[in-house]
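**Student:** Coordinates in final-v2.txt, compact mmCIF, C-alpha atoms, are listed below.
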# COMPACT_ATOMS: atom_id res chain seq x y z
CA MET A 1 216.33 134.12 119.88
CA GLU A 2 218.61 132.58 122.49
CA CYS A 3 220.20 133.69 125.75
CA TRP A 4 223.80 134.76 125.11
CA LYS A 5 224.89 133.00 128.31
CA CYS A 6 223.19 129.60 128.18
CA GLY A 7 221.43 129.27 124.82
CA LYS A 8 217.94 128.94 126.36
CA LYS A 9 215.02 130.80 124.86
CA ALA A 10 215.30 134.56 125.45
CA VAL A 11 212.67 136.71 127.16
CA MET A 12 214.47 140.01 126.64
CA HIS A 13 216.67 141.51 123.97
CA ARG A 14 218.50 144.60 125.11
CA LYS A 15 219.30 146.66 122.07
CA TYR A 16 221.48 148.97 124.12
CA GLU A 17 223.93 146.17 124.85
CA GLY A 18 223.16 143.89 121.90
CA LYS A 19 222.43 140.85 124.07
CA SER A 20 219.47 138.54 124.63
CA TRP A 21 218.67 137.03 128.03
CA CYS A 22 216.68 134.01 129.24
CA GLY A 23 214.46 134.46 132.30
CA ASP A 24 216.92 133.04 134.84
CA HIS A 25 219.91 135.00 133.63
CA PHE A 26 217.86 138.17 133.22
CA VAL A 27 216.69 137.94 136.87
CA GLU A 28 220.24 137.25 138.04
CA GLN A 29 221.64 140.22 136.13
CA PHE A 30 218.77 142.53 137.16
CA GLU A 31 219.33 141.75 140.86
CA SER A 32 223.05 142.11 140.50
CA LEU A 33 222.65 145.63 139.06
CA ALA A 34 220.40 146.69 141.97
CA LYS A 35 222.89 145.22 144.48
CA GLU A 36 225.66 147.13 142.76
CA THR A 37 223.68 150.38 143.10
CA ILE A 38 223.10 149.65 146.81
CA SER A 39 226.75 148.93 147.40
CA LYS A 40 228.18 151.72 145.21
CA GLU A 41 225.94 154.38 146.73
CA GLY A 42 226.00 152.94 150.27
CA LEU A 43 222.21 152.94 150.44
CA PHE A 44 221.83 150.78 153.55
CA GLN A 45 223.81 150.29 156.75
CA SER A 46 223.61 147.43 159.22
CA ASN A 47 220.98 147.62 161.99
CA GLU A 48 218.72 149.81 159.90
CA LYS A 49 214.97 149.67 159.74
CA VAL A 50 214.09 150.11 156.09
CA CYS A 51 210.60 151.10 155.08
CA VAL A 52 209.49 150.41 151.51
CA ALA A 53 206.98 152.86 150.03
CA LEU A 54 204.59 150.25 148.69
CA SER A 55 201.82 151.39 146.37
CA GLY A 56 201.00 147.89 145.18
CA GLY A 57 202.10 148.78 141.64
CA MET A 58 204.63 146.68 139.76
CA ASP A 59 207.71 148.76 140.68
CA SER A 60 207.14 148.84 144.42
CA THR A 61 206.02 145.21 144.72
CA ALA A 62 209.15 144.18 142.80
CA LEU A 63 211.29 146.30 145.14
CA LEU A 64 209.76 144.77 148.26
CA LEU A 65 210.28 141.25 146.95
CA PHE A 66 213.86 142.02 145.95
CA LEU A 67 214.75 143.64 149.30
CA ASP A 68 213.06 140.87 151.27
CA ASN A 69 215.27 138.38 149.51
CA LEU A 70 218.38 140.53 149.93
CA PHE A 71 217.79 141.23 153.63
CA GLU A 72 217.45 137.53 154.40
CA ASN A 73 221.22 137.39 154.36
CA TRP A 74 221.76 140.66 156.22
CA ARG A 75 221.96 140.50 159.95
CA ASP A 76 219.95 142.99 161.98
CA ALA A 77 218.30 144.70 159.02
CA GLU A 78 214.56 145.09 159.32
CA LEU A 79 212.13 145.56 156.47
CA ILE A 80 208.67 147.08 156.80
CA ALA A 81 206.25 148.55 154.25
CA LEU A 82 204.14 151.68 154.12
CA THR A 83 201.20 152.22 151.82
CA VAL A 84 199.48 155.54 151.33
CA ASP A 85 195.77 155.20 150.67
CA GLU A 86 194.84 158.38 148.84
CA GLY A 87 191.24 157.24 148.56
CA ILE A 88 190.85 156.68 144.81
CA GLU A 89 187.97 154.32 144.26
CA GLY A 90 188.53 151.59 141.69
CA TYR A 91 192.25 152.31 141.56
CA ARG A 92 194.06 152.45 144.88
CA ASP A 93 191.73 149.96 146.58
CA GLU A 94 192.83 147.35 144.02
CA SER A 95 196.54 147.97 144.52
CA ILE A 96 196.18 148.04 148.33
CA GLU A 97 194.80 144.51 148.16
CA ILE A 98 197.90 143.47 146.17
CA ALA A 99 200.14 145.17 148.78
CA LYS A 100 198.34 143.45 151.67
CA GLU A 101 198.52 140.06 150.00
CA LEU A 102 202.25 140.40 149.25
CA CYS A 103 203.12 141.54 152.78
CA LYS A 104 201.13 138.63 154.17
CA ASP A 105 202.98 136.18 151.92
CA LEU A 106 206.38 137.64 152.85
CA ASP A 107 205.47 138.14 156.51
CA ILE A 108 206.31 141.84 156.38
CA GLU A 109 204.67 144.41 158.66
CA LEU A 110 202.50 146.73 156.57
CA HIS A 111 201.36 150.20 157.68
CA ILE A 112 198.63 152.00 155.82
CA ALA A 113 198.26 155.79 156.10
CA SER A 114 195.22 157.36 154.51
CA PHE A 115 194.44 160.85 153.23
CA ASP A 116 191.06 160.54 154.92
CA ASP A 117 192.60 160.01 158.37
CA HIS A 118 195.30 162.67 157.99
CA PHE A 119 193.67 165.35 155.86
CA GLY A 120 190.00 164.66 156.59
CA LYS A 121 189.15 163.87 152.98
CA THR A 122 189.90 161.24 150.37
CA LEU A 123 191.47 162.37 147.09
CA ASP A 124 188.12 161.60 145.41
CA GLU A 125 186.44 164.07 147.79
CA ILE A 126 189.18 166.69 147.38
CA MET A 127 188.86 166.50 143.60
CA GLU A 128 185.08 166.97 143.56
CA ASP A 129 185.57 170.70 142.90
CA LYS A 130 189.18 170.86 141.75
CA ASP A 131 191.52 170.10 138.87
CA HIS A 132 195.15 168.95 138.86
CA GLY A 133 194.79 165.86 141.03
CA CYS A 134 198.48 164.99 140.58
CA THR A 135 199.55 168.20 142.36
CA TYR A 136 197.44 167.52 145.44
CA CYS A 137 198.23 163.82 145.42
CA GLY A 138 202.00 164.22 144.96
CA VAL A 139 202.51 166.87 147.64
CA LEU A 140 200.23 165.28 150.24
CA ARG A 141 201.56 161.77 149.58
CA ARG A 142 205.21 162.83 150.00
CA TRP A 143 204.34 164.69 153.21
CA LEU A 144 202.55 161.63 154.58
CA LEU A 145 205.27 159.17 153.55
CA ASN A 146 207.90 161.17 155.41
CA LYS A 147 205.83 161.79 158.53
CA LYS A 148 204.51 158.25 158.82
CA SER A 149 207.80 156.49 158.06
CA ARG A 150 209.48 158.64 160.74
CA GLU A 151 206.73 157.83 163.24
CA ILE A 152 207.16 154.11 162.71
CA GLY A 153 210.89 154.42 163.32
CA ALA A 154 212.26 153.95 159.81
CA ASP A 155 215.91 154.85 159.22
CA LYS A 156 215.46 154.86 155.43
CA LEU A 157 212.54 155.14 153.07
CA ALA A 158 213.13 152.99 149.98
CA THR A 159 211.20 154.04 146.92
CA ALA A 160 210.93 152.17 143.64
CA HIS A 161 211.98 155.10 141.45
CA ASN A 162 213.46 153.68 138.27
CA MET A 163 215.68 154.99 135.50
CA ASP A 164 212.70 156.38 133.59
CA ASP A 165 211.35 158.25 136.65
CA GLU A 166 214.77 159.69 137.38
CA LEU A 167 215.38 160.84 133.81
CA GLN A 168 211.94 162.39 133.58
CA SER A 169 212.69 164.41 136.72
CA ILE A 170 216.10 165.48 135.39
CA PHE A 171 214.64 166.67 132.08
CA MET A 172 211.61 168.31 133.69
CA ASN A 173 213.77 170.27 136.13
CA TYR A 174 216.07 171.28 133.30
CA LEU A 175 213.16 172.42 131.14
CA LYS A 176 211.70 174.37 134.06
CA GLY A 177 215.12 175.76 135.00
CA ASP A 178 214.72 174.39 138.51
CA MET A 179 218.35 173.64 139.36
CA LYS A 180 217.68 173.46 143.10
CA ARG A 181 215.42 170.48 142.63
CA MET A 182 217.68 168.97 140.01
CA VAL A 183 220.65 168.70 142.37
CA ARG A 184 218.48 166.89 144.89
CA LEU A 185 218.21 163.90 142.53
CA GLY A 186 220.40 160.80 142.66
CA ALA A 187 220.23 157.33 144.25
CA LYS A 188 220.62 158.84 147.70
CA PRO A 189 219.26 162.37 147.72
CA ALA A 190 220.70 164.90 150.11
CA VAL A 191 219.82 164.45 153.76
CA LEU A 192 218.40 167.70 154.99
CA ASP A 193 217.68 167.05 158.63
CA ARG A 194 217.92 163.62 160.15
CA GLU A 195 215.51 164.55 162.92
CA LYS A 196 212.64 165.34 160.61
CA PHE A 197 213.51 163.92 157.25
CA VAL A 198 213.73 160.17 156.62
CA PRO A 199 216.45 159.73 153.98
CA ARG A 200 215.15 158.29 150.74
CA VAL A 201 216.97 155.70 148.70
CA LYS A 202 216.31 154.35 145.21
CA PRO A 203 217.80 150.88 144.64
CA PHE A 204 216.16 150.54 141.18
CA ARG A 205 217.36 153.92 139.94
CA GLU A 206 219.56 152.36 137.24
CA SER A 207 216.93 149.89 135.96
CA PRO A 208 214.60 150.83 133.11
CA GLU A 209 210.90 150.65 133.93
CA ARG A 210 210.36 148.01 131.26
CA GLU A 211 212.91 145.71 132.88
CA ILE A 212 211.34 146.09 136.32
CA ALA A 213 208.01 145.00 134.81
CA LEU A 214 209.68 141.98 133.27
CA TYR A 215 211.37 141.14 136.57
CA ALA A 216 208.02 141.43 138.39
CA LYS A 217 206.34 139.23 135.81
CA LEU A 218 209.08 136.59 135.94
CA LYS A 219 208.89 136.60 139.72
CA GLY A 220 205.16 135.83 139.49
CA LEU A 221 203.99 139.17 140.86
CA GLU A 222 200.56 140.43 139.98
CA LEU A 223 200.82 143.51 137.73
CA HIS A 224 198.39 146.25 138.70
CA GLN A 225 197.41 147.61 135.31
CA THR A 226 194.60 150.01 136.15
CA GLU A 227 195.37 153.62 135.26
CA CYS A 228 194.82 156.31 137.85
CA PRO A 229 191.63 158.28 136.96
CA TYR A 230 193.38 161.58 137.78
CA VAL A 231 196.18 161.09 135.29
CA GLU A 232 196.41 164.24 133.23
CA ASP A 233 198.36 165.50 130.33
CA SER A 234 201.51 166.80 131.95
CA LEU A 235 205.09 167.79 131.27
CA ARG A 236 206.18 164.48 132.83
CA PHE A 237 204.20 162.52 130.24
CA ASP A 238 205.57 164.61 127.37
CA VAL A 239 209.11 163.98 128.61
CA ARG A 240 208.36 160.28 129.14
CA ASP A 241 207.11 159.90 125.57
CA PHE A 242 210.06 161.87 124.18
CA LEU A 243 212.57 159.66 126.02
CA ASN A 244 210.82 156.46 124.92
CA ASP A 245 210.80 157.67 121.31
CA MET A 246 214.49 158.49 121.52
CA GLU A 247 215.35 155.14 123.11
CA SER A 248 213.37 153.36 120.43
CA LYS A 249 215.16 155.22 117.63
CA ARG A 250 218.55 155.46 119.27
CA PRO A 251 219.07 152.61 121.74
CA SER A 252 221.01 153.47 124.90
CA THR A 253 219.88 157.11 124.92
CA LYS A 254 218.46 156.72 128.43
CA PHE A 255 221.64 155.12 129.78
CA THR A 256 223.85 157.76 128.26
CA ALA A 257 221.66 160.55 129.60
CA LEU A 258 221.67 159.13 133.14
CA ARG A 259 225.43 158.53 133.09
CA ALA A 260 225.99 162.09 131.86
CA PHE A 261 223.83 163.48 134.66
CA ASP A 262 225.68 161.41 137.26
CA LYS A 263 228.99 162.85 136.05
CA LEU A 264 227.55 166.34 136.11
CA LEU A 265 225.83 166.14 139.50
CA PRO A 266 228.87 166.43 141.81
CA LYS A 267 230.14 169.36 139.75
CA ILE A 268 226.91 171.35 139.99
CA LYS A 269 225.78 170.33 143.46
CA ASP A 270 227.68 172.99 145.37
CA GLY A 271 226.63 175.73 143.04
CA PHE A 272 222.92 175.08 143.20
CA SER A 273 222.06 173.28 146.42
CA GLY A 274 221.48 176.61 148.10
CA ASP A 275 221.63 177.37 151.73
CA GLU A 276 220.60 174.26 153.60
CA THR A 277 220.39 176.24 156.81
CA SER A 278 217.28 177.83 155.30
CA VAL A 279 215.49 174.53 155.85
CA ARG A 280 213.19 174.98 158.82
CA GLU A 281 210.12 173.58 160.46
CA CYS A 282 206.77 174.49 159.01
CA LYS A 283 205.09 176.81 161.50
CA GLU A 284 201.84 174.91 161.09
CA CYS A 285 202.75 171.21 161.04
CA ASP A 286 206.40 171.12 162.22
CA GLU A 287 207.49 169.14 159.16
CA ILE A 288 210.49 170.48 157.26
CA THR A 289 210.10 173.13 154.61
CA SER A 290 212.17 175.76 152.88
CA GLY A 291 209.53 178.44 153.45
CA GLU A 292 207.42 179.56 156.37
CA VAL A 293 204.60 177.16 155.62
CA CYS A 294 205.09 173.87 153.79
CA LYS A 295 203.39 173.12 150.49
CA ALA A 296 201.22 170.41 152.09
CA CYS A 297 199.81 172.89 154.61
CA GLN A 298 199.21 175.42 151.85
CA LEU A 299 197.19 172.83 149.95
CA ARG A 300 195.39 171.62 153.07
CA LYS A 301 193.85 175.06 153.43
CA LYS A 302 192.28 174.71 150.00
CA ILE A 303 190.62 171.35 150.62
CA MET B 1 199.72 134.84 107.71
CA PRO B 2 197.25 136.01 110.44
CA VAL B 3 198.42 137.33 113.79
CA LYS B 4 196.19 138.50 116.62
CA VAL B 5 197.39 141.34 118.87
CA LEU B 6 195.83 142.21 122.23
CA HIS B 7 196.70 145.60 123.70
CA GLU B 8 194.80 147.30 126.54
CA ASP B 9 191.14 146.65 125.71
CA LEU B 10 191.70 146.33 121.97
CA GLU B 11 192.10 143.26 119.82
CA LYS B 12 193.66 143.73 116.40
CA SER B 13 194.06 141.17 113.64
CA LEU B 14 196.72 141.69 111.03
CA THR B 15 198.64 139.79 108.46
CA ALA B 16 202.38 139.45 108.58
CA GLU B 17 205.07 137.64 106.62
CA LYS B 18 206.49 134.53 108.24
CA GLY B 19 209.64 135.55 110.10
CA THR B 20 208.34 139.00 111.04
CA THR B 21 209.72 139.97 114.45
CA VAL B 22 207.61 140.79 117.48
CA GLU B 23 209.10 144.29 117.46
CA GLU B 24 207.96 144.86 113.87
CA ILE B 25 204.44 143.79 114.79
CA ILE B 26 204.40 146.04 117.87
CA ARG B 27 205.37 148.97 115.65
CA LYS B 28 202.78 147.94 113.05
CA VAL B 29 199.97 148.39 115.59
CA GLY B 30 201.32 151.84 116.50
CA VAL B 31 202.87 151.01 119.87
CA ASN B 32 206.38 151.99 121.02
CA PRO B 33 208.27 148.74 121.84
CA GLU B 34 209.86 150.54 124.80
CA THR B 35 206.49 150.71 126.53
CA VAL B 36 205.41 147.06 126.53
CA ILE B 37 206.52 143.53 127.24
CA THR B 38 205.05 140.81 125.09
CA GLU B 39 203.54 137.40 125.66
CA LYS B 40 203.19 135.04 122.70
CA ASP B 41 200.51 132.48 123.36
CA GLY B 42 200.93 133.12 127.09
CA GLU B 43 204.73 132.98 127.21
CA ILE B 44 207.01 136.03 127.57
CA VAL B 45 209.09 136.55 124.44
CA SER B 46 211.85 138.92 123.38
CA ASN B 47 211.21 141.56 120.73
CA LYS B 48 213.51 139.64 118.40
CA GLU B 49 211.26 136.57 118.46
CA THR B 50 209.63 135.84 115.10
CA VAL B 51 206.04 134.86 114.40
CA ASP B 52 205.01 131.80 112.41
CA GLY B 53 201.30 132.50 112.00
CA ASP B 54 198.05 131.87 113.84
CA GLU B 55 199.59 133.27 116.98
CA CYS B 56 198.33 135.68 119.60
CA LEU B 57 200.55 138.45 120.97
CA HIS B 58 199.56 140.14 124.21
CA LEU B 59 201.21 143.52 124.72
CA ILE B 60 201.45 144.41 128.42
CA ASN B 61 201.90 148.10 129.20
CA VAL B 62 204.83 148.87 131.44
CA VAL B 63 204.76 152.66 131.63
CA SER B 64 203.40 154.19 134.79
CA GLY B 65 199.93 155.58 134.44
CA GLY B 66 199.94 157.61 137.59
Would you kindly transcribe this structure into structure tokens?
**Tutor:**
Amino acid sequence: MECWKCGKKAVMHRKYEGKSWCGDHFVEQFESLAKETISKEGLFQSNEKVCVALSGGMDSTALLLFLDNLFENWRDAELIALTVDEGIEGYRDESIEIAKELCKDLDIELHIASFDDHFGKTLDEIMEDKDHGCTYCGVLRRWLLNKKSREIGADKLATAHNMDDELQSIFMNYLKGDMKRMVRLGAKPAVLDREKFVPRVKPFRESPEREIALYAKLKGLELHQTECPYVEDSLRFDVRDFLNDMESKRPSTKFTALRAFDKLLPKIKDGFSGDETSVRECKECDEITSGEVCKACQLRKKI
Amino acid sequence: MPVKVLHEDLEKSLTAEKGTTVEEIIRKVGVNPETVITEKDGEIVSNKETVDGDECLHLINVVSGG
């Protein structure tokens, strides 16, 4: 199979567009799509300090490499990285080494924030007498990413959420009837409070997970393949499998679904975003929350 | 025509007609082509690539596992 642009051997055939791509042209097109997302959504401004949430997995290492390359030509933009060490032996320690190595190679300042330092326990210790590791991990990790990125002076927190992640969240919120959360999705989610909340941006939101992996591989990045030991059967995984089955049977399903959501979002935003003035500071940790006490503090009491 | 497939910790050997596509082989071993990228004898190939026999396909998982 040959690249439709140059006739070289193809590394990817996209059924949804009916074209095959060689490595060089695939990389060029992949980067051009991410740049388009950045420009279309206005994800970055000049003079900003952008912090990449770097787990060491394939998506976030690919994002850091891509942004490092992009920012080379941007004056006054600064790129730093933040890794959360949840304390998962045999899993996170491996990916942290990948993150450290990449930041060293790219000469990017890396900050590491650990559960142990901030919550007094590693996730392994928290889970000794509990189930549902993803709940604890997700809530505490998001809390820490926001707090730490703000403390290190980041103007934006760039996450490597991809098209698959975004669609899973859309479908999950729809299935759970959680419209408030649904309208918070998008490449540049709503800014609640600039003082406390570091705005999050998703430059890879329009790229399928499979294509990010290919990009990472073609760029010579090490793919961290170990599965988290706390992965559990969840609604997210059911939705993920459903979407992959649909895409396999009916190519372009994912694209159509994301485009449809993007058309719908501005129309439903006003109706469901709720009263943003209800956002307040958690009375225990001062981070923002919509209730009296934030979810992270509620969970902290249980650990 | 023999083809060897490596996926996660498993190694599967199967027979396939010459000209069978990588995608058909991925499906044959029960994997969704949307969830992997494939190396043929160490080189990344598209799902439309065909096999000629005595080759080894390595399926690399791309879906997040947590």
**Student:** Fewer than 3 positions away in the same chain doesn't count, so skip those; otherwise give me all residues within 10 Å of Glu247 of chain A, counting all atoms listed in the file, as a VMD selection string.
**Tutor:** (chain A and resid 15 to 16 241 to 244 250 to 255) or (chain B and resid 32 to 34)
**Student:** Kindly assemble as a tab-separated table a list of the chain B residues that lie within 8 Å of chain A, each paired with its nearest atom pair and their distance in Å to one decimal, using only C-alpha atoms, sorted first by chain and then by ascending residue number.
**Tutor:**
residue	atom	partner	partner_atom	distance
B:Asn32	CA	A:Ser248	CA	7.1
B:Pro33	CA	A:Ser248	CA	7.0
B:Glu34	CA	A:Asn244	CA	6.0
B:Thr35	CA	A:Arg210	CA	6.7
B:Val36	CA	A:Arg210	CA	6.9
B:Ile37	CA	A:Leu214	CA	7.0
B:Ile44	CA	A:Val11	CA	5.7
B:Val45	CA	A:Val11	CA	4.5
B:Ser46	CA	A:Met12	CA	4.3
B:Asn47	CA	A:His13	CA	6.3
B:Lys48	CA	A:Met1	CA	6.4
B:Glu49	CA	A:Met1	CA	5.8
B:Asn61	CA	A:Gln225	CA	7.6
B:Val62	CA	A:Arg210	CA	5.6
B:Val63	CA	A:Glu209	CA	6.9
B:Gly65	CA	A:Glu227	CA	5.0
B:Gly66	CA	A:Cys228	CA	5.3
**Student:** Set the distance at 8 Å and use all atoms listed in the file: which residues neighbour Phe204 of chain A once local chain neighbours fewer than 5 positions away are removed? I'd like the list as a list in words.
**Tutor:**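 The filter keeps Ala34, Thr37, Leu63, Ala160, His161, Asn162 and Met163 of chain A.
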**Student:** Restricting the output to C-alpha atoms, write the selected residues as a compact mmCIF listing (two decimals), keeping the file's coordinate frame.
**Tutor:**
# COMPACT_ATOMS: atom_id res chain seq x y z
CA ALA A 34 220.40 146.69 141.97
CA THR A 37 223.68 150.38 143.10
CA LEU A 63 211.29 146.30 145.14
CA ALA A 160 210.93 152.17 143.64
CA HIS A 161 211.98 155.10 141.45
CA ASN A 162 213.46 153.68 138.27
CA MET A 163 215.68 154.99 135.50
**Student:** List as JSON, numbers by chain the protein and nucleic acid residues near segment 5-9 of chain B, meaning an atom at most 9 Å away when only C-alpha atoms are counted, but skip any in the same chain fewer than 2 places from it.
**Tutor:** {"B": [3, 11, 12, 13, 14, 25, 26, 29, 55, 56, 57, 58, 59, 60, 61]}
**Student:** Output C-alpha atoms of each residue in that selection to a file, as a compact mmCIF listing (two decimals), in the coordinates of the input.
**Tutor:**
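Resulting contents of result-v8.txt:
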# COMPACT_ATOMS: atom_id res chain seq x y z
CA VAL B 3 198.42 137.33 113.79
CA GLU B 11 192.10 143.26 119.82
CA LYS B 12 193.66 143.73 116.40
CA SER B 13 194.06 141.17 113.64
CA LEU B 14 196.72 141.69 111.03
CA ILE B 25 204.44 143.79 114.79
CA ILE B 26 204.40 146.04 117.87
CA VAL B 29 199.97 148.39 115.59
CA GLU B 55 199.59 133.27 116.98
CA CYS B 56 198.33 135.68 119.60
CA LEU B 57 200.55 138.45 120.97
CA HIS B 58 199.56 140.14 124.21
CA LEU B 59 201.21 143.52 124.72
CA ILE B 60 201.45 144.41 128.42
CA ASN B 61 201.90 148.10 129.20
**Student:** Have a look at A:Thr83, A:Thr135, A:Thr61, A:Ser95 and name the one nearest to Ser114 of chain A; count only C-alpha atoms.
**Tutor:** A:Thr83
**Student:** Counting all atoms listed in the file, which residue out of A:Arg142, A:Lys283, A:Lys202, A:Lys104 sits closest to Leu185 of chain A?
**Tutor:**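 When distances to Leu185 of chain A are compared using all atoms listed in the file, the smallest one comes from A:Lys202.
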**Student:** Between atom CA of Gly220 of chain A and atom CA of Glu206 of chain A, measure the distance and give it in Å to one decimal.
**Tutor:**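 It comes out at 22.0 Å.
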**Student:** Could you state the separation of atom CA of Glu89 of chain A and atom CA of Cys103 of chain A in Å, given to one decimal place?
**Tutor:**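 About the pair atom CA of Glu89 of chain A and atom CA of Cys103 of chain A: they are 21.6 Å apart.
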**Student:** To one decimal in Å, tell me the separation between atom CA of Glu222 of chain A and atom CA of Glu31 of chain A.
**Tutor:**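 Going from atom CA of Glu222 of chain A over to atom CA of Glu31 of chain A covers 18.8 Å.
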